[in-house]
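Undergrad: Provided herewith is a single structure, encoded as structure tokens, for subsequent inquiry.
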Amino acid sequence: MPSCAESSWFARKVVRWRATASVSWSVLLLPATTMLFIFLIRFQLFHPIQWTSECLGLLTAASTIFSLLLLSGVVLVIGFFNLEYYTVVPSIPCSRVALLAKVLHPRQCVHSLVHCTVGMVVMWCASVMAGGRYRTLGFPCTHSESSSGAHDACLNEYHLFFLLAGAFMGYSHSFLGVVQNMNYVSFQIIQQYKYLRFKGSLPWVVKCSAVQSLYSVRNYVALYFFFGHIPRAWISNTLNLQIDSSLHSLDSLAGLLDFSLLYHLWISGTFLLFTWYITVLLFRIYVTESYSFPVQSTFAEDAEQCLPKVLAEKNTLIMKFLALQDLALLSQHSPSRRQEVFSLSQPGGHPHNWNAISKECLALLNELMQRLVAHHDAVASNGRAKPPSASSDARSSSETSGTEDLPQTPRPSVLMRTPGSVFLKSSNRSVGSPVTAPFTPDLDSPFSTPALRRLAPQPGPQQATWFSSVQSPHVMRRGPKLWSASTDSQTNGSATASPAPAPSSPPPEQKPSFIAQWLQNRKEQVRGFLAKRVLVVYLFNKLPEASSQALFADGQAHIWALEGLSHLVASSFSEDKYGVVQTTLPSILGSMLSLQEAVDRHFKLPHASSKPVKTSCSLGDSTYKTLRFALRAALKTAIYRITSTFGEHLNAVCISAEHQKRLQQFMEFKE
Amino acid sequence: MCSLALFPPPLPSGQVTLYEANNELVSGGSPDCYEKQHWEPPSLNFPRETLKPHSRPESSSKAAFLDHKDTLWMRSAGAWYKYTYKTFSGCVLALLRWMSSFHGSLFPHLTVNITASIPHFVFLSFSKSFAVRSFAWHPHTDKFAVALLDDSIKIYNSRSATAPTLKHRLQRNVSAMQWKPLCASALAVACHTCLLVWHVDPTSLSTRPSSGCAQVLSHPGHSPVTSIAWSPSGSLLVSASPVDTAMMVWDVAAENCVPLQRVGGGGVTNVSWSPDGSRLLAATPSALFRVWETRMWTCERWPCLKGRCQSGCWSPDGSRLLFSVQGEMVIYALTFSDMTGGPKSAAVVADLSETTFSGTGGEITVGGEVQSLAWDPSGERLAVLLKGNAESSGHSAIIAVFKTRSSPVFELLPCGFVRGEAGAEPRLIQFHPHFQHGALLTVVSAFFVELPLSTSLA
């Protein structure tokens, strides 16, 4: 895995230690949850004394101890997967097909498979602890064949039902993890001690696991009702177990409407999800705990662990994020560390610390601004630019206009990949998130077929103008995909007679262009044909506001950069003895104001300012959906912080006239 | 320790306090006559010019209330009608809400009818004559918002003639408002069921911003919201409800919140952030308040002996907290410093027990419990709104102004009593947050919307 393979000092020393601590805490919590689970699953309303004594006896039984050991192993596995799959920048699929690809990605398949297995193990433990009819997979048959011999074993369908439920819940946990970005680790808006944070979110985790388990039970029961006979027959065949025909089979209405069975299933499911969720929660709490990097060190060998160096780090994203968080915190809360930032180097008298920090923050802000501008240009050119000639494009736009609501991929000549995917790729490399970046709209995607690649560079004049002038991004993007999805139909279609009016006008000397155009027409027809199919439209349509979310996926870093910079600048007004901040103030103001402009323009796009629906009760963190709003607010606050601190002095700062005007608006509190 | 007996006697009725000059409160016959007074020229210019923009919205808002008077009466009558009707359903609702916000600690106040309990905790009485529910100055510009009894909010700006009116379906029982610091437009409003954050574009000429400009923040079990406080850095908003033991810390733009819960004390009635952002006062309905430290969000418990913490205010540098306790006629002070790890006990800094002054217009009794405290941003003046006694005629609510001195020892020195126009009963006091030339006190009283009082400092 990338995060381990590269193994920067931070991943080695800090992240791994934190993950270990979180896993050990979740293992330590296991006996308590198991005890609670035993009491709940063995609950007997009318025999309280028998219930208590039975449970207390069970707590020390060998089977329980063995189950506990197994469960600890399960927690270790889950903790390992948390460490390997977590990401601080969520990957946001822009269409349903991308989501599907994410689910089917090999990495994700491994995740699902392991979770299925582990879920079965947990459910086996649960059934052992529940005892009674759930205890074993086989039991001696009781009815007619009892005369033939005791070693005749029958299949205990209840046990099988539980095991399959475990597999189902494991899979649905893994699946929902992809859909709800459960591997995304968000940072809290306030700092709290780990214990208090854990205590505060415990009720919420209990509620989440109970509700999720309820949904899972519903889905699983429905599934078992229809397909339950298949695994049952398979198991009984392979293990040579007989099916006891005197009992109700569980895939019937009477078998499933057993209240106590459903209750036990629900409690076991809650137990399963709870142990896993606790592991996830503890991991998140540990990993996002703030880490204090030294601003400068006296020893040269520690230099790479200092804040200015760490901020420039590209590979270990978690370290970069924690460093930015630390910067934001130190700029607000700690005057002594601020002094270190403003200090001058001892021989030479250069403000190296401040220069490095401000340069890194400004680079972050400028990068975001460029991303926004590129995205905006792409969208705007798509909306406005009309083809000068190219009848084919008119056709294409008329054909696809009904289905394409918001093509947002940038013009490929400007930027070869979507802004979101640029980042996701880099993040993928470093953090090792299971992103399927190739499947986010992307020209290099495996969906773009060689056919089109061969087609594109063909020198036909019309073709060339079509590509260079129109470049309708959705055509570029959508085209390859649909094309690839229907290569066979295209090859067939070329053989069969097509009703399309073949362009007869081009003279014979424009042969390549004629072929190209003919191919183009075929392609348009196929696309038009496919665009009318509901399923294709459903799969390939852009999810609204997904591209906006993807643009701001790493917004938290920018928010911290803004906070850190603005607090440092504001406190430099009284604390900066040597005036080191003065030299960079114009560029800081300049980038903040340009970013403000870019963000304002972005929010004028459709879907950009629509609020996401609140997810009801899931462990998936949906913070990334509103990061763009938080960024907008943080940006304004940052500019106001500087203007309100410096006041009239800002008139002396030399920035462009346009920015000066903008700044004046801020100084008068009119923004 | 300062006591009310050291004060100069309050003005007889009919006289109005105009401003403070040379350590004395100057009075006059009516609030309009200060322009005729003879000031020494250098100090004349500043208050006049800076006061004018404030006095203008004052008169305009008065006119607005006159216009509204009929409908307001009708509306308030309707509201009272509804109150009596809703008592039963309110009880049921309260019970339901209590069950939903069952947080482990059971306190008698939880079973109180919630609608009736709000004024109790918000330190306001919704008498029919009192048209203003809440008042908030913008922290950076000459702009303020007034929440009226009909649940609409009006915003007055010294620089523009338009006074936008904010109305929203969920804007019921407004109990607190605060402008977001370091922002021109955002106004947080604590409502009965939720928290609204209005974004009022300061350059817009619209008089009726649509409800799309308002962001609704709600959390199950967290209602009614009675107190809110923005962090001075403008990034976080804290909201509190007397029936919810958890205090919510909101990231408003991202609309997510972190509940902060501590056992004991019941809900949280009043939150106030220290001006430097390092500490937060959270009062509970029982005899207990907490002081949160906002870096790691841990809290100190401060049990009071007599009653709940009635009101509190922070010194501008955030190192000193003055508070008053229900049932006691004193002001306490707590001094925090980063070195010693916090104070051990609160010290009494002012005695506000009843004192009788005999003047020309009969005996005037002054003193009693503190209704609210306000400390001006420069840290030189402290205004204390003292509760009156409704039975006796000579004992009405009054504002006492103290001078504060922090070195060598913290001290309150008497300055004087502020008297409004006849019959005006002060309800809300607030200092103008960025007045350049001293301290500008705004008083919202029962009949007058505000009475600016400038204290010009030598």
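As shown in the structure tokens, the chain order sets the letters A, B, ...; within each chain, residues go from 1, and ligands are also counted from 1 in the order they appear.
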Would you mind listing, as a list of chain:residue names, all residues of chain A that have at least one atom within 7 Å of chain B, where only C-alpha atoms are what counts?
TA: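 Here they are: A:Ile189, A:Gln191, A:Gln192, A:Tyr193, A:Thr626, A:Leu627, A:Phe629, A:Ala630, A:Ala633, A:Thr637, A:Tyr640, A:Arg641, A:Phe669, A:Lys670, A:Glu671.
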Undergrad: What is the CA of Leu551 in chain A-CA of Gln215 in chain B distance in Å, reported with one decimal?
TA: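 That distance, rounded to one decimal, is 23.1 Å.
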Undergrad: So the first atom is CA of Leu324 in chain A and the second is CA of Gln582 in chain A; what is the distance between them in Å, to one decimal place?
TA: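 CA of Leu324 in chain A sits 21.8 Å away from CA of Gln582 in chain A.
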Undergrad: List every residue of range 107-262 of chain B that DSSP, applied to the backbone, labels as alpha helix (DSSP H), and write the result as a PyMOL selection string.
TA: chain B and resi 114-122
Undergrad: Could you pull out the strand (DSSP E) residues of range 353-424 of chain B, going by DSSP on the backbone, and write them as an MDAnalysis selection string?
TA: chainID B and resid 355:359 362:366 370:375 381:386 398:405 411:418
Undergrad: So that I have them on file, write out the residues from the current selection with N, CA, C and O atoms, as a compact mmCIF listing (two decimals), in the first residue's frame.
TA:
```
# COMPACT_ATOMS: atom_id res chain seq x y z
N THR B 355 -30.86 51.46 48.09
CA THR B 355 -30.46 52.72 48.71
C THR B 355 -31.54 53.74 48.38
O THR B 355 -32.05 53.75 47.27
N THR B 356 -31.86 54.57 49.37
CA THR B 356 -32.91 55.56 49.13
C THR B 356 -32.28 56.94 49.07
O THR B 356 -31.49 57.32 49.93
N PHE B 357 -32.58 57.63 48.01
CA PHE B 357 -32.15 59.02 47.87
C PHE B 357 -33.38 59.89 48.04
O PHE B 357 -34.42 59.64 47.41
N SER B 358 -33.28 60.91 48.87
CA SER B 358 -34.42 61.82 48.98
C SER B 358 -34.07 63.08 48.20
O SER B 358 -33.05 63.73 48.45
N GLY B 359 -34.88 63.39 47.23
CA GLY B 359 -34.61 64.56 46.41
C GLY B 359 -35.81 65.46 46.37
O GLY B 359 -36.71 65.38 47.23
N GLY B 362 -39.48 63.78 45.73
CA GLY B 362 -39.84 62.67 46.61
C GLY B 362 -38.70 61.68 46.71
O GLY B 362 -37.61 61.88 46.17
N GLU B 363 -38.96 60.62 47.42
CA GLU B 363 -37.91 59.64 47.66
C GLU B 363 -37.77 58.71 46.48
O GLU B 363 -38.76 58.27 45.88
N ILE B 364 -36.57 58.44 46.13
CA ILE B 364 -36.31 57.52 45.03
C ILE B 364 -35.46 56.39 45.57
O ILE B 364 -34.39 56.61 46.14
N THR B 365 -35.96 55.18 45.42
CA THR B 365 -35.20 54.02 45.87
C THR B 365 -34.51 53.39 44.67
O THR B 365 -35.11 53.26 43.60
N VAL B 366 -33.29 53.05 44.88
CA VAL B 366 -32.49 52.50 43.79
C VAL B 366 -31.81 51.25 44.31
O VAL B 366 -31.44 51.17 45.47
N VAL B 370 -29.46 42.45 39.73
CA VAL B 370 -28.96 42.88 38.44
C VAL B 370 -29.72 42.15 37.34
O VAL B 370 -29.91 40.94 37.41
N GLN B 371 -30.18 42.92 36.38
CA GLN B 371 -30.83 42.25 35.25
C GLN B 371 -29.83 41.98 34.13
O GLN B 371 -29.81 40.91 33.55
N SER B 372 -29.01 42.96 33.84
CA SER B 372 -27.96 42.67 32.87
C SER B 372 -26.78 43.59 33.08
O SER B 372 -26.89 44.65 33.68
N LEU B 373 -25.67 43.14 32.55
CA LEU B 373 -24.41 43.85 32.68
C LEU B 373 -23.86 44.12 31.28
O LEU B 373 -24.01 43.29 30.39
N ALA B 374 -23.22 45.26 31.13
CA ALA B 374 -22.57 45.52 29.84
C ALA B 374 -21.30 46.29 30.09
O ALA B 374 -21.28 47.23 30.88
N TRP B 375 -20.24 45.84 29.43
CA TRP B 375 -18.95 46.47 29.61
C TRP B 375 -18.55 47.05 28.27
O TRP B 375 -18.63 46.37 27.25
N ARG B 381 -16.02 51.74 31.08
CA ARG B 381 -17.32 51.95 31.69
C ARG B 381 -18.07 50.62 31.78
O ARG B 381 -17.97 49.78 30.89
N LEU B 382 -18.82 50.50 32.87
CA LEU B 382 -19.64 49.31 33.04
C LEU B 382 -21.06 49.79 33.30
O LEU B 382 -21.28 50.60 34.20
N ALA B 383 -21.99 49.32 32.51
CA ALA B 383 -23.39 49.68 32.74
C ALA B 383 -24.10 48.49 33.37
O ALA B 383 -23.93 47.36 32.93
N VAL B 384 -24.86 48.79 34.41
CA VAL B 384 -25.58 47.74 35.13
C VAL B 384 -27.05 48.09 35.12
O VAL B 384 -27.44 49.17 35.57
N LEU B 385 -27.83 47.19 34.61
CA LEU B 385 -29.28 47.42 34.61
C LEU B 385 -29.86 46.75 35.85
O LEU B 385 -29.77 45.53 36.01
N LEU B 386 -30.40 47.58 36.73
CA LEU B 386 -30.93 47.07 38.00
C LEU B 386 -32.43 46.89 37.89
O LEU B 386 -33.13 47.73 37.33
N ILE B 398 -33.40 50.88 36.83
CA ILE B 398 -32.52 52.00 36.53
C ILE B 398 -31.16 51.46 36.09
O ILE B 398 -30.80 50.31 36.39
N ILE B 399 -30.45 52.30 35.37
CA ILE B 399 -29.12 51.90 34.91
C ILE B 399 -28.07 52.64 35.72
O ILE B 399 -28.11 53.86 35.80
N ALA B 400 -27.19 51.90 36.32
CA ALA B 400 -26.08 52.52 37.03
C ALA B 400 -24.83 52.35 36.18
O ALA B 400 -24.58 51.27 35.64
N VAL B 401 -24.09 53.43 36.03
CA VAL B 401 -22.86 53.38 35.23
C VAL B 401 -21.67 53.48 36.18
O VAL B 401 -21.61 54.37 37.02
N PHE B 402 -20.78 52.52 36.04
CA PHE B 402 -19.55 52.52 36.85
C PHE B 402 -18.37 52.84 35.96
O PHE B 402 -18.36 52.51 34.77
N LYS B 403 -17.37 53.46 36.58
CA LYS B 403 -16.09 53.54 35.91
C LYS B 403 -15.27 52.34 36.37
O LYS B 403 -15.35 51.95 37.53
N THR B 404 -14.52 51.77 35.48
CA THR B 404 -13.73 50.60 35.88
C THR B 404 -12.25 50.93 35.77
O THR B 404 -11.82 51.65 34.89
N ARG B 405 -11.52 50.37 36.68
CA ARG B 405 -10.09 50.57 36.68
C ARG B 405 -9.44 49.23 36.97
O ARG B 405 -9.85 48.53 37.90
N GLU B 411 -11.11 47.73 40.25
CA GLU B 411 -12.02 48.52 41.06
C GLU B 411 -13.18 49.03 40.22
O GLU B 411 -13.02 49.30 39.03
N LEU B 412 -14.31 49.18 40.86
CA LEU B 412 -15.43 49.86 40.22
C LEU B 412 -15.62 51.18 40.95
O LEU B 412 -15.66 51.21 42.18
N LEU B 413 -15.72 52.25 40.21
CA LEU B 413 -15.93 53.55 40.82
C LEU B 413 -17.27 54.09 40.36
O LEU B 413 -17.68 53.86 39.22
N PRO B 414 -17.96 54.80 41.22
CA PRO B 414 -19.28 55.27 40.82
C PRO B 414 -19.18 56.35 39.76
O PRO B 414 -18.28 57.18 39.78
N CYS B 415 -20.13 56.35 38.86
CA CYS B 415 -20.19 57.40 37.84
C CYS B 415 -21.53 58.10 37.89
O CYS B 415 -21.60 59.30 38.04
N GLY B 416 -22.62 57.35 37.83
CA GLY B 416 -23.91 58.00 37.92
C GLY B 416 -25.03 57.09 37.44
O GLY B 416 -24.79 55.98 36.97
N PHE B 417 -26.23 57.60 37.61
CA PHE B 417 -27.40 56.86 37.13
C PHE B 417 -27.85 57.46 35.82
O PHE B 417 -27.79 58.67 35.63
N VAL B 418 -28.31 56.61 34.96
CA VAL B 418 -28.83 57.09 33.68
C VAL B 418 -30.34 57.07 33.75
O VAL B 418 -30.94 56.06 34.09
```
Undergrad: List the spatial neighbours of Ile559 in chain A as a list in words - criterion: any atom at most 9 Å away, only C-alpha atoms, same-chain residues fewer than 2 positions off excluded.
TA: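 My reading of the contact set: Ala328, Gly555, Gln556, Ala557, Ala561, Leu562, Glu563, Gly564, Leu627, Ala630, Leu631, Arg632, Ala634 and Leu635 of chain A.
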Undergrad: Which residues, written as JSON, numbers by chain, have at least one atom at most 12 Å from Tyr332 in chain B, with only C-alpha atoms counted and residues fewer than 3 positions away on the same chain left out?
TA: {"B": [1, 2, 304, 309, 310, 311, 312, 313, 314, 320, 321, 322, 323, 324, 325, 326, 328, 329, 335, 345, 346, 347, 348, 349, 350, 351, 352, 370, 373, 410, 411, 412]}
Undergrad: Applying 7 Å and only C-alpha atoms, which residues near range 246-262 of chain A remain after dropping the ones on its own chain fewer than 6 positions away? List them as a ChimeraX atom specification.
TA: /A:224-225,228-229
Undergrad: Env of Ala553 in chain A: 8 Å cut, atoms = only C-alpha atoms, seq-sep filter 4 positions within chain, self excluded. Answer as a list in words.
TA: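 Final neighbour list, sorted by chain and number: Val89, Pro90, Ser91, Ile92, Gly420, Gln549, Tyr624 and Leu627 of chain A.
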Undergrad: Keeping only all heavy atoms, write those residues as a short mmCIF file (atom, residue, chain, number, x, y, z; two decimals), in the first residue's frame.
TA:
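Once written, result.cif looks like this:
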```cif
data_model
loop_
_atom_site.label_atom_id
_atom_site.label_comp_id
_atom_site.auth_asym_id
_atom_site.auth_seq_id
_atom_site.Cartn_x
_atom_site.Cartn_y
_atom_site.Cartn_z
N VAL A 89 -8.81 13.09 1.70
CA VAL A 89 -9.46 13.77 0.59
C VAL A 89 -10.40 12.75 -0.05
O VAL A 89 -9.94 11.75 -0.57
CB VAL A 89 -8.42 14.24 -0.44
CG1 VAL A 89 -9.11 14.87 -1.61
CG2 VAL A 89 -7.47 15.21 0.20
N PRO A 90 -11.69 12.98 0.04
CA PRO A 90 -12.60 11.97 -0.48
C PRO A 90 -12.53 11.92 -2.00
O PRO A 90 -12.22 12.92 -2.66
CB PRO A 90 -13.97 12.47 -0.02
CG PRO A 90 -13.79 13.94 0.09
CD PRO A 90 -12.39 14.17 0.53
N SER A 91 -12.80 10.75 -2.53
CA SER A 91 -12.91 10.66 -3.98
C SER A 91 -14.38 10.74 -4.31
O SER A 91 -15.20 10.01 -3.76
CB SER A 91 -12.32 9.35 -4.46
OG SER A 91 -13.17 8.29 -4.10
N ILE A 92 -14.71 11.65 -5.17
CA ILE A 92 -16.13 11.87 -5.47
C ILE A 92 -16.41 11.46 -6.89
O ILE A 92 -15.88 12.05 -7.83
CB ILE A 92 -16.48 13.34 -5.23
CG1 ILE A 92 -16.33 13.65 -3.75
CG2 ILE A 92 -17.89 13.64 -5.66
CD1 ILE A 92 -16.01 15.05 -3.45
N GLY A 420 -11.03 17.82 -10.54
CA GLY A 420 -11.15 16.91 -9.41
C GLY A 420 -10.19 15.74 -9.55
O GLY A 420 -9.49 15.38 -8.63
N GLN A 549 -18.34 19.47 -5.73
CA GLN A 549 -17.77 18.84 -4.54
C GLN A 549 -16.37 18.35 -4.80
O GLN A 549 -15.48 18.46 -3.95
CB GLN A 549 -18.64 17.65 -4.11
CG GLN A 549 -19.92 18.05 -3.45
CD GLN A 549 -20.79 16.84 -3.16
OE1 GLN A 549 -20.34 15.70 -3.24
NE2 GLN A 549 -22.03 17.08 -2.83
N TYR A 624 -17.48 16.62 3.53
CA TYR A 624 -16.91 17.09 2.28
C TYR A 624 -17.95 17.73 1.38
O TYR A 624 -17.61 18.50 0.50
CB TYR A 624 -16.23 15.93 1.56
CG TYR A 624 -17.17 14.83 1.13
CD1 TYR A 624 -17.77 14.88 -0.11
CD2 TYR A 624 -17.47 13.77 1.96
CE1 TYR A 624 -18.64 13.88 -0.50
CE2 TYR A 624 -18.33 12.78 1.60
CZ TYR A 624 -18.92 12.83 0.35
OH TYR A 624 -19.79 11.87 -0.02
N LEU A 627 -17.91 21.49 2.16
CA LEU A 627 -16.62 22.15 2.33
C LEU A 627 -16.54 23.45 1.52
O LEU A 627 -15.89 24.40 1.94
CB LEU A 627 -15.49 21.23 1.89
CG LEU A 627 -14.90 20.35 2.97
CD1 LEU A 627 -13.79 19.49 2.40
CD2 LEU A 627 -14.35 21.20 4.10
#
```
